[in-house]
Amino acid sequence: MKKSIWGCVITGLSLLLLSSMNTAIAEGRMYVPKEDPPVKMQLCRLYKIDRDETSTSCRYRPQNRDDDVVVTTEDPRIDCQRDFLCKILK
């Protein structure tokens with residue numbers, strides 16, 4: 001009888017010790033994110049300014065002659081930037 005009680009006590013203590021361990025026994029895998037493709041940029045140059053009483057629209061033409069880029073502000077007194085780097089959209 002004493003042997004079975006001591007066996008239960010030892011088993012209980014060993015389970016208690018194993019459950020309270022902070023480190024994992026098995027080795028885990030680290031998450032490695034996939035690299036995003038680099039963003040390709042091109043030069044967009046100012047080619048037209050549209051002003052009215054309430055706003056200014058600056059129209060830019062990209063180097064590869066796709067669609068124009070339009071930047072609109074609500075201030076009619078603003079000066080447009082001559083050129084800037086814009087993303088190449090596909």
# chains A, B, ... in the order shown; residues from 1 in each chain; ligands from 1
>>> residues_around(residues="A:Thr72", least_positions_apart="2", cutoff="10 Å", atoms="only C-alpha atoms", output="VMD selection string")
chain A and resid 49 to 51 55 to 59 69 to 70 74 to 76 80
>>> select_by_dssp(residues="chain A", states="strand (DSSP E)", output="NGL selection string")
:A and (41-51 or 56-62 or 69-73 or 83-87)
>>> write_last_selection(atoms="C-alpha atoms", output="tab-separated table (two decimals), in the first residue's frame")
chain	number	residue	atom	x	y	z
A	41	MET	CA	9.76	54.45	-59.55
A	42	GLN	CA	9.79	56.81	-62.51
A	43	LEU	CA	10.05	60.54	-63.00
A	44	CYS	CA	6.76	62.42	-63.41
A	45	ARG	CA	7.07	65.93	-64.85
A	46	LEU	CA	4.62	68.80	-64.64
A	47	TYR	CA	2.99	69.62	-67.95
A	48	LYS	CA	-0.25	71.46	-67.15
A	49	ILE	CA	-1.74	73.57	-64.35
A	50	ASP	CA	-5.50	74.09	-64.07
A	51	ARG	CA	-6.59	76.83	-61.69
A	56	THR	CA	-5.44	74.04	-58.27
A	57	SER	CA	-4.92	70.87	-60.31
A	58	CYS	CA	-1.38	69.92	-61.20
A	59	ARG	CA	-1.11	67.41	-64.06
A	60	TYR	CA	2.02	65.33	-64.37
A	61	ARG	CA	3.13	63.10	-67.23
A	62	PRO	CA	5.13	59.95	-66.39
A	69	VAL	CA	-1.02	61.77	-62.58
A	70	VAL	CA	-3.27	64.52	-61.22
A	71	VAL	CA	-2.64	66.20	-57.87
A	72	THR	CA	-5.44	68.52	-56.73
A	73	THR	CA	-5.31	70.97	-53.85
A	83	ASP	CA	8.72	66.94	-60.97
A	84	PHE	CA	8.70	64.04	-58.53
A	85	LEU	CA	9.22	60.29	-58.43
A	86	CYS	CA	5.99	58.33	-58.84
A	87	LYS	CA	5.29	54.59	-58.77
>>> decode(residues="chain A", atoms="C-alpha atoms", output="PDB file, in the first residue's frame")
ATOM      1  CA  MET A   1       0.000   0.000   0.000  1.00  0.00           C
ATOM      2  CA  LYS A   2       2.803   2.402   0.882  1.00  0.00           C
ATOM      3  CA  LYS A   3       4.531   1.691  -2.420  1.00  0.00           C
ATOM      4  CA  SER A   4       1.436   2.635  -4.422  1.00  0.00           C
ATOM      5  CA  ILE A   5       1.003   5.890  -2.449  1.00  0.00           C
ATOM      6  CA  TRP A   6       4.653   6.809  -2.984  1.00  0.00           C
ATOM      7  CA  GLY A   7       4.312   5.948  -6.651  1.00  0.00           C
ATOM      8  CA  CYS A   8       1.310   8.272  -6.973  1.00  0.00           C
ATOM      9  CA  VAL A   9       3.126  11.058  -5.101  1.00  0.00           C
ATOM     10  CA  ILE A  10       6.226  10.751  -7.282  1.00  0.00           C
ATOM     11  CA  THR A  11       4.136  10.639 -10.462  1.00  0.00           C
ATOM     12  CA  GLY A  12       2.128  13.675  -9.350  1.00  0.00           C
ATOM     13  CA  LEU A  13       5.247  15.687  -8.489  1.00  0.00           C
ATOM     14  CA  SER A  14       6.940  14.824 -11.784  1.00  0.00           C
ATOM     15  CA  LEU A  15       3.819  15.861 -13.739  1.00  0.00           C
ATOM     16  CA  LEU A  16       3.655  19.102 -11.749  1.00  0.00           C
ATOM     17  CA  LEU A  17       7.306  19.863 -12.516  1.00  0.00           C
ATOM     18  CA  LEU A  18       6.932  19.073 -16.216  1.00  0.00           C
ATOM     19  CA  SER A  19       3.823  21.228 -16.582  1.00  0.00           C
ATOM     20  CA  SER A  20       5.453  24.248 -14.954  1.00  0.00           C
ATOM     21  CA  MET A  21       8.492  24.306 -17.252  1.00  0.00           C
ATOM     22  CA  ASN A  22       8.751  27.468 -19.358  1.00  0.00           C
ATOM     23  CA  THR A  23      10.865  26.155 -22.199  1.00  0.00           C
ATOM     24  CA  ALA A  24       9.430  23.922 -24.857  1.00  0.00           C
ATOM     25  CA  ILE A  25      10.819  20.457 -25.273  1.00  0.00           C
ATOM     26  CA  ALA A  26      10.323  20.386 -29.045  1.00  0.00           C
ATOM     27  CA  GLU A  27      12.074  22.800 -31.370  1.00  0.00           C
ATOM     28  CA  GLY A  28       9.722  25.256 -33.120  1.00  0.00           C
ATOM     29  CA  ARG A  29       9.962  26.937 -36.494  1.00  0.00           C
ATOM     30  CA  MET A  30      10.542  30.636 -36.964  1.00  0.00           C
ATOM     31  CA  TYR A  31       8.259  32.626 -39.275  1.00  0.00           C
ATOM     32  CA  VAL A  32      10.233  34.025 -42.192  1.00  0.00           C
ATOM     33  CA  PRO A  33       8.190  36.575 -44.190  1.00  0.00           C
ATOM     34  CA  LYS A  34       8.422  36.643 -47.954  1.00  0.00           C
ATOM     35  CA  GLU A  35      10.173  39.669 -49.340  1.00  0.00           C
ATOM     36  CA  ASP A  36       7.978  42.160 -51.173  1.00  0.00           C
ATOM     37  CA  PRO A  37       9.068  42.981 -54.700  1.00  0.00           C
ATOM     38  CA  PRO A  38      10.866  46.307 -54.915  1.00  0.00           C
ATOM     39  CA  VAL A  39       8.718  49.296 -55.862  1.00  0.00           C
ATOM     40  CA  LYS A  40       9.769  50.677 -59.222  1.00  0.00           C
ATOM     41  CA  MET A  41       9.759  54.446 -59.549  1.00  0.00           C
ATOM     42  CA  GLN A  42       9.793  56.811 -62.509  1.00  0.00           C
ATOM     43  CA  LEU A  43      10.050  60.536 -62.995  1.00  0.00           C
ATOM     44  CA  CYS A  44       6.757  62.422 -63.411  1.00  0.00           C
ATOM     45  CA  ARG A  45       7.065  65.933 -64.845  1.00  0.00           C
ATOM     46  CA  LEU A  46       4.624  68.803 -64.640  1.00  0.00           C
ATOM     47  CA  TYR A  47       2.987  69.623 -67.954  1.00  0.00           C
ATOM     48  CA  LYS A  48      -0.247  71.465 -67.148  1.00  0.00           C
ATOM     49  CA  ILE A  49      -1.739  73.572 -64.348  1.00  0.00           C
ATOM     50  CA  ASP A  50      -5.496  74.087 -64.066  1.00  0.00           C
ATOM     51  CA  ARG A  51      -6.591  76.834 -61.692  1.00  0.00           C
ATOM     52  CA  ASP A  52     -10.078  77.915 -60.753  1.00  0.00           C
ATOM     53  CA  GLU A  53     -11.521  79.968 -57.892  1.00  0.00           C
ATOM     54  CA  THR A  54     -11.356  77.192 -55.298  1.00  0.00           C
ATOM     55  CA  SER A  55      -8.584  74.780 -56.280  1.00  0.00           C
ATOM     56  CA  THR A  56      -5.441  74.042 -58.274  1.00  0.00           C
ATOM     57  CA  SER A  57      -4.921  70.873 -60.309  1.00  0.00           C
ATOM     58  CA  CYS A  58      -1.377  69.920 -61.201  1.00  0.00           C
ATOM     59  CA  ARG A  59      -1.106  67.407 -64.059  1.00  0.00           C
ATOM     60  CA  TYR A  60       2.018  65.327 -64.365  1.00  0.00           C
ATOM     61  CA  ARG A  61       3.132  63.099 -67.226  1.00  0.00           C
ATOM     62  CA  PRO A  62       5.134  59.953 -66.390  1.00  0.00           C
ATOM     63  CA  GLN A  63       8.167  58.980 -68.438  1.00  0.00           C
ATOM     64  CA  ASN A  64       6.567  55.854 -69.883  1.00  0.00           C
ATOM     65  CA  ARG A  65       3.574  57.887 -71.153  1.00  0.00           C
ATOM     66  CA  ASP A  66       0.857  55.911 -69.391  1.00  0.00           C
ATOM     67  CA  ASP A  67      -2.024  57.706 -67.706  1.00  0.00           C
ATOM     68  CA  ASP A  68      -1.412  61.164 -66.303  1.00  0.00           C
ATOM     69  CA  VAL A  69      -1.024  61.771 -62.584  1.00  0.00           C
ATOM     70  CA  VAL A  70      -3.271  64.520 -61.220  1.00  0.00           C
ATOM     71  CA  VAL A  71      -2.644  66.199 -57.874  1.00  0.00           C
ATOM     72  CA  THR A  72      -5.445  68.516 -56.735  1.00  0.00           C
ATOM     73  CA  THR A  73      -5.314  70.969 -53.851  1.00  0.00           C
ATOM     74  CA  GLU A  74      -8.022  73.184 -52.413  1.00  0.00           C
ATOM     75  CA  ASP A  75      -5.829  76.276 -52.394  1.00  0.00           C
ATOM     76  CA  PRO A  76      -5.875  78.312 -55.638  1.00  0.00           C
ATOM     77  CA  ARG A  77      -2.629  80.115 -54.722  1.00  0.00           C
ATOM     78  CA  ILE A  78      -0.443  77.017 -54.464  1.00  0.00           C
ATOM     79  CA  ASP A  79       2.552  76.453 -56.768  1.00  0.00           C
ATOM     80  CA  CYS A  80       2.959  73.046 -58.370  1.00  0.00           C
ATOM     81  CA  GLN A  81       6.081  70.989 -57.927  1.00  0.00           C
ATOM     82  CA  ARG A  82       8.054  70.693 -61.186  1.00  0.00           C
ATOM     83  CA  ASP A  83       8.720  66.945 -60.966  1.00  0.00           C
ATOM     84  CA  PHE A  84       8.696  64.044 -58.525  1.00  0.00           C
ATOM     85  CA  LEU A  85       9.215  60.289 -58.433  1.00  0.00           C
ATOM     86  CA  CYS A  86       5.991  58.335 -58.844  1.00  0.00           C
ATOM     87  CA  LYS A  87       5.285  54.593 -58.766  1.00  0.00           C
ATOM     88  CA  ILE A  88       5.106  52.558 -61.929  1.00  0.00           C
ATOM     89  CA  LEU A  89       1.626  51.058 -61.919  1.00  0.00           C
ATOM     90  CA  LYS A  90       0.973  47.852 -63.809  1.00  0.00           C
TER      91      LYS A  90
END
